[in-house]
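Engineer: Got a structure for you, written out below as structure tokens; questions coming shortly.
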Amino acid sequence: MKGGEEEILWFGRRWSSYKVPVLLHNGKPISESLVIVEYIDDVWKGVPILPQDPYERAIARFLAKFIDEKCIPVIKAVGSNGDEKAIAEACEQLQILESQLKVKGTKFFGGDNIGLVDIAADFIAYWHAIREEAAGIKFFTEDKFPKLTKWADDFVNSEAVKNTLPPREQMLAFYLKFFGKANGM
């Protein structure tokens, strides 16, 4: 440990990433969530995470990057105390994902199985609803986003996901405290 940060030898040098998560595989660090998911897809062959078709693979990467870079307003809108501009921006981003599901006509962004885009959007499926409830703000609704809310329900209840999520009650208690609403605050 140096300065409170764990350092890893990488290419013969000390490496401190400041980025989490980090996958350590065979003694080698891989950082950045989406990079890790693609690495997993390359290393462990089973159910593919990325589509096999090159065009569909490119679209999946684009959407995953879009979610990673542009859907952060969804998170910010929940903590905005109802700021209409922040909520409108979040709804605009969610509408793009809603349209993608409508066009694809599939259960998941990845088709019949969970794929890269679904994994990238996991915060919308599980964490977002808990944050909305804790903050007392609700804009991610079935009437506005029927495909996306159905996708979120299917994603959270899929065999691959449901047993890996932290208990909802614990997360709600955490976010109630985070938003200053625990114990009637």
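We label chains A, B, ... in the order they appear in the structure tokens, count residues from 1 in each chain, and number ligands from 1 in the order shown.
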I'd like the neighbourhood of range 52-67 of chain A as a list in words, where a residue qualifies if any of its atoms comes within 8 Å (using only C-alpha atoms), though same-chain residues fewer than 3 positions away should be ignored.
Structural biologist: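 Everything that qualifies: Leu34, Pro48, Lys70, Cys71, Ile72, Gly110, Leu116, Val117, Ala120 and Ala121 of chain A.
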Engineer: DSSP on the backbone: what in chain A comes out strand (DSSP E or B), as an MDAnalysis selection string?
Structural biologist: chainID A and resid 2 5 8:10 13:15 22:25 28:31 108 111
Engineer: Env of Lys144 in chain A: 10 Å cut, atoms = only C-alpha atoms, seq-sep filter 3 positions within chain, self excluded. Answer as a list in words.
Structural biologist: Cys91, Leu94, Gln95, Glu98, Phe139, Phe140, Thr141, Lys147, Leu148 and Thr149 of chain A
Engineer: Restricting the output to N, CA and C atoms, write the selected residues as a PDB file, in the first residue's frame.
Structural biologist:
```
ATOM      1  N   CYS A  91     -35.275  11.916 -19.286  1.00  0.00           N
ATOM      2  CA  CYS A  91     -36.332  11.275 -20.081  1.00  0.00           C
ATOM      3  C   CYS A  91     -35.949  11.194 -21.551  1.00  0.00           C
ATOM      4  N   LEU A  94     -33.589   8.244 -21.812  1.00  0.00           N
ATOM      5  CA  LEU A  94     -34.346   7.003 -21.652  1.00  0.00           C
ATOM      6  C   LEU A  94     -35.201   6.711 -22.883  1.00  0.00           C
ATOM      7  N   GLN A  95     -35.716   7.763 -23.524  1.00  0.00           N
ATOM      8  CA  GLN A  95     -36.537   7.583 -24.722  1.00  0.00           C
ATOM      9  C   GLN A  95     -35.729   6.964 -25.862  1.00  0.00           C
ATOM     10  N   GLU A  98     -35.701   3.387 -25.053  1.00  0.00           N
ATOM     11  CA  GLU A  98     -37.054   2.876 -25.306  1.00  0.00           C
ATOM     12  C   GLU A  98     -37.241   2.591 -26.798  1.00  0.00           C
ATOM     13  N   PHE A 139     -40.207   9.421 -12.456  1.00  0.00           N
ATOM     14  CA  PHE A 139     -40.399   9.754 -13.872  1.00  0.00           C
ATOM     15  C   PHE A 139     -40.156   8.565 -14.782  1.00  0.00           C
ATOM     16  N   PHE A 140     -39.574   7.498 -14.261  1.00  0.00           N
ATOM     17  CA  PHE A 140     -39.352   6.282 -15.035  1.00  0.00           C
ATOM     18  C   PHE A 140     -40.577   5.395 -14.837  1.00  0.00           C
ATOM     19  N   THR A 141     -41.624   5.683 -15.626  1.00  0.00           N
ATOM     20  CA  THR A 141     -42.903   5.010 -15.444  1.00  0.00           C
ATOM     21  C   THR A 141     -43.270   4.174 -16.667  1.00  0.00           C
ATOM     22  N   LYS A 147     -41.674  -0.253 -22.931  1.00  0.00           N
ATOM     23  CA  LYS A 147     -40.684  -1.271 -23.328  1.00  0.00           C
ATOM     24  C   LYS A 147     -39.525  -1.315 -22.335  1.00  0.00           C
ATOM     25  N   LEU A 148     -39.061  -0.155 -21.921  1.00  0.00           N
ATOM     26  CA  LEU A 148     -37.914  -0.072 -21.017  1.00  0.00           C
ATOM     27  C   LEU A 148     -38.269  -0.591 -19.618  1.00  0.00           C
ATOM     28  N   THR A 149     -39.473  -0.300 -19.130  1.00  0.00           N
ATOM     29  CA  THR A 149     -39.859  -0.819 -17.814  1.00  0.00           C
ATOM     30  C   THR A 149     -40.068  -2.334 -17.873  1.00  0.00           C
TER      31      THR A 149
END
```
Engineer: Between A:Phe145, A:Phe174, A:Trp44, A:Trp151, single out the one closest to Gln93 in chain A, counting only C-alpha atoms.
Structural biologist: A:Phe145
Engineer: Could you pull the residues within 10 Å of His128 in chain A, counting only C-alpha atoms, minus those fewer than 3 positions along the same chain, as number ranges by chain?
Structural biologist: A: 74-75, 78, 122-125, 131-134, 138, 140
Engineer: With a distance cut-off of 10 Å and only C-alpha atoms, select the neighbouring residues of Ile30 in chain A, excluding the residue or stretch itself and same-chain residues fewer than 4 positions from it, and output the selection as a list in words.
Structural biologist: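 Selected residues are Ser17, Val20, Pro21, Val22, Leu23, Leu24, His25, Val35, Ile36, Val37 and Tyr39 of chain A.
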Engineer: Counting only C-alpha atoms, which of A:Ala135, A:Ala160, A:Ile40, A:Ala152 gets nearest to Phe178 in chain A?
Structural biologist: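 That would be A:Ala135, the residue with the smallest distance to Phe178 in chain A.
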